[in-house]
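Take a look at the structure below.
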Amino acid sequence: MTPNGTGQSYSYSLFSRHDFSAFWALFTDNLINLIVLSGICQFVFQMPAEIVYGRIVPGAAVAILAGVIVYTLLAKRVAERDGHDVAAMPYGISTPVMFVYLFGVIGPIYWSTNDPVLAWQVGIGAGFIGGIVAGLGAIIGPFLKRITPRAGMLGTLCGIALVFIGTVPLAQVFVDPLIGFASLIIILWGLVGRFRLPFNIPAGLLALIVGTVVALGIGKSTITVDGMGFYPPLPYIGDLIAGIQHLFANPELFLVLVPVQIYNFIETMNNVEAAETAGDRYPVATCQVTDGVGTMIGAVFGSPFPTTAYIGHPAYKRMGAHSGHVIGVGVVIPLAAFFGLLAFLNNLIPVAAAAPVLIFVALSLITNTAHSVKPAHMAAVTIAMMPHVSSFLMVKWGSLMGALGASGVEGLPRLGDEALTAALLQQGAHFTGHQALSQGAILTGLIWGAIVADVIDKRFRTAAGFALAAFVMALVGIIHSPSLQWPTFSHISIGYLLAAGFLFLYPMLHKDEDLENHAVVTDEVQPERAG
């Protein structure tokens, strides 16, 4: 109990009546990830149901439970430290990293060996090692948060929100519009418009119910108990060791693993910054260690997939949530996983009914960012979003080529083929440029957002520092390259070096009045530095 600034003592309540609405949003977010990863593992990589529902899903649930416990205790500590209500950090399987692990680690092992068990073993080995890398982000996380402009950190999150959390679910709504529209209009009414629904029923819950009822009515949802049973979480130490040994025997997999985990701890840092803009100041290092350790615990219990503090805290804060929504997920997800209910829900709830909740999360994050940075910095936010559009295009182009191959088209060139690239360019599709932007998109977005924000604020040396950091990362393949490499000069890396030199030297050679940004309102409040 601490004073709240009014002379009265303050005590944080873990539960708020608004947590019920927030729970359905966060639960749906986690549920969709678990449904997607279980479906891909079972039907694309041919993993038996015993591994998918008996090991991977329970292991993911244990990881989620571990993180929920930490973030609940952390929310209580932060609330009592600052003397006001806070929303606990949302937590679960990292969506972008999940896809990288599926198709960058597990997939290549399965396709080269046709052994789904080995693919799973390598997956949990990669998850454990990746958790160590993610946790090490705590060493440099606070420093990065201190020097990085808020517009850069939030802008790159907005890019992810726009294309992957917003646009993709919106497309899913339009795939099944009868189901999707019924759910979407309730979300827009109750969560975006914030209008009262009958009997104060949470909008997220009502949207799922209505969407599912419509799906049952038109035959696009089924009620079945197939896959239900008791799946207790167990440690798989032997399988974990076998997976780690295979990783070290095939070190090229680290070229996928390390960059994506750097992405993961940067994402955590950005999400902590988003929470701070909503008024909740969490320690970034503690969050990064929590995410790394949670991932390692999940790997021990059979889940290859990294956990992270989720995008979307401002949405839950806006809803008035405390910690109950996170606690609810920490209870319901493990129960569903341990008793095989995920298979039941997978068949019952259509994606189009759940997708509108993610659309709301995307809208909230982008809207909150627009309110938390000064107007001049919206240019920085905008450029930070752009690499994620390229990332989206690369994913969809890859899906198109895969679909053509699966439909029986023969003699297809691979993406990146010289003749295909030239043909795409003729049609106005700049493949090589989008490919370069997509590789390390979150870091690229953060860097360019930071450079633009620092130039606007006349922090030229700091901007030069970010350009120099980008030069080093491009040199070794962390960005603009498919994998890590020995230092290799390219036109992109040299371009960053030239930009750094210009930003550092040009201001020294010109008068102050030549460097005045006349578009900035002089009495505008300067943005707070992160931290």
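Just so we're on the same page: first chain in the structure tokens is A, next is B, and so on; residues restart at 1 for each chain, and ligands are numbered from 1 in the order they show up.
Shell of Tyr101 in chain A at 8 Å, with only C-alpha atoms counted and residues fewer than 5 places along the chain excluded, is Ile106, Gly123, Leu257, Pro304 and Phe305 of chain A.
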Quick one: residues within 10 Å of Thr148 in chain A, only C-alpha atoms counted, chain neighbours fewer than 3 positions away excluded, as a compact mmCIF listing (two decimals) with N, CA, C and O atoms, in the first residue's frame?
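New file around-v8.txt:
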# COMPACT_ATOMS: atom_id res chain seq x y z
N PHE A 143 19.05 0.40 -22.32
CA PHE A 143 19.81 1.41 -23.05
C PHE A 143 19.12 1.77 -24.37
O PHE A 143 18.97 2.94 -24.71
N LEU A 144 18.67 0.73 -25.11
CA LEU A 144 17.98 0.99 -26.36
C LEU A 144 16.70 1.79 -26.14
O LEU A 144 16.39 2.70 -26.91
N LYS A 145 16.00 1.46 -25.09
CA LYS A 145 14.75 2.18 -24.79
C LYS A 145 15.03 3.64 -24.47
O LYS A 145 14.24 4.53 -24.81
N ALA A 151 8.54 7.45 -31.43
CA ALA A 151 7.92 7.29 -32.75
C ALA A 151 8.49 6.10 -33.50
O ALA A 151 7.78 5.41 -34.24
N GLY A 152 9.79 5.84 -33.34
CA GLY A 152 10.40 4.70 -34.01
C GLY A 152 9.92 3.38 -33.45
O GLY A 152 9.59 2.46 -34.19
N MET A 153 9.87 3.29 -32.11
CA MET A 153 9.45 2.04 -31.48
C MET A 153 7.99 1.75 -31.75
O MET A 153 7.61 0.62 -32.09
N ASN A 270 9.45 -2.62 -27.48
CA ASN A 270 8.47 -1.74 -28.09
C ASN A 270 7.12 -1.83 -27.39
O ASN A 270 6.43 -0.82 -27.20
N LEU A 446 12.13 0.41 -37.09
CA LEU A 446 12.56 1.14 -35.89
C LEU A 446 13.69 2.12 -36.23
O LEU A 446 13.67 3.27 -35.79
N ILE A 447 14.65 1.66 -37.01
CA ILE A 447 15.81 2.50 -37.35
C ILE A 447 15.39 3.73 -38.16
O ILE A 447 15.76 4.86 -37.83
N GLY A 449 12.41 5.03 -38.46
CA GLY A 449 11.56 5.89 -37.63
C GLY A 449 12.38 6.73 -36.68
O GLY A 449 12.12 7.93 -36.48
N ALA A 450 13.42 6.12 -36.08
CA ALA A 450 14.29 6.85 -35.16
C ALA A 450 15.08 7.93 -35.89
O ALA A 450 15.25 9.05 -35.38
N ILE A 451 15.60 7.60 -37.07
CA ILE A 451 16.37 8.59 -37.85
C ILE A 451 15.50 9.80 -38.17
O ILE A 451 15.90 10.96 -37.98
N ALA A 453 12.69 10.85 -36.71
CA ALA A 453 12.31 11.59 -35.50
C ALA A 453 13.48 12.42 -34.99
O ALA A 453 13.30 13.58 -34.57
N ASP A 454 14.68 11.85 -35.01
CA ASP A 454 15.85 12.60 -34.53
C ASP A 454 16.20 13.75 -35.46
O ASP A 454 16.63 14.81 -35.00
N THR A 462 22.62 11.67 -32.96
CA THR A 462 21.88 10.46 -32.59
C THR A 462 21.35 9.78 -33.84
O THR A 462 21.40 8.54 -33.97
N ALA A 463 20.82 10.58 -34.77
CA ALA A 463 20.35 10.01 -36.04
C ALA A 463 21.49 9.31 -36.78
O ALA A 463 21.32 8.22 -37.34
N PHE A 466 22.12 5.90 -35.31
CA PHE A 466 21.20 4.85 -35.78
C PHE A 466 21.56 4.40 -37.19
O PHE A 466 21.49 3.21 -37.51
N ARG A 529 11.58 11.40 -24.16
CA ARG A 529 12.40 10.26 -24.53
C ARG A 529 11.92 9.04 -23.78
O ARG A 529 11.47 9.14 -22.64
N ALA A 530 12.02 7.88 -24.45
CA ALA A 530 11.65 6.66 -23.76
C ALA A 530 12.49 6.50 -22.52
O ALA A 530 13.67 6.72 -22.52
N GLY A 531 11.86 6.09 -21.46
CA GLY A 531 12.59 5.88 -20.21
C GLY A 531 12.59 7.09 -19.36
O GLY A 531 13.10 7.06 -18.25
Test item: residues at most 9 Å from range 62-76 of chain A, only C-alpha atoms, excluding those fewer than 6 positions along its chain, as number ranges by chain | A: 12-14, 85-93, 233, 280, 282, 286-287, 290-291, 293-299, 301, 303, 306-309, 322-324, 326-327, 329-331, 333-334
10 Å contact set for range 414-426 of chain A, only C-alpha atoms, chain neighbours under 4 positions out, as number ranges by chain = A: 394, 397-398, 401-402, 430-432, 435
If we count only C-alpha atoms, what is near Ile185 in chain A at a cut-off of 12 Å, once residues fewer than 6 positions away on the same chain are taken out, given as a list in words?
->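 Here the qualifying residues turn out to be Val173, Pro177, Leu178, Ile179, Leu191, Val192, Gly193, Phe195, Leu197, Ala203, Gly204, Leu206, Ala207, Leu208, Val210, Gly211, Ala353, Ala355, Pro356, Val357, Ile359 and Phe360 of chain A.
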With distances taken over only C-alpha atoms, which of A:Ile218, A:Val472, A:Ala464, A:Ile139 is nearest to Ala285 in chain A?
-> A:Ile139
DSSP says helix (DSSP H, G or I) for which residues of range 452-512 of chain A? Put them as a PyMOL selection string?
-> chain A and resi 452-456+460-476+491-509+512
Selected residue, from A:Lys317, A:Lys396, A:Lys220, A:Arg461, that lies nearest to Val168 in chain A when counting only C-alpha atoms =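 The answer is A:Lys396, which sits nearest to Val168 in chain A.
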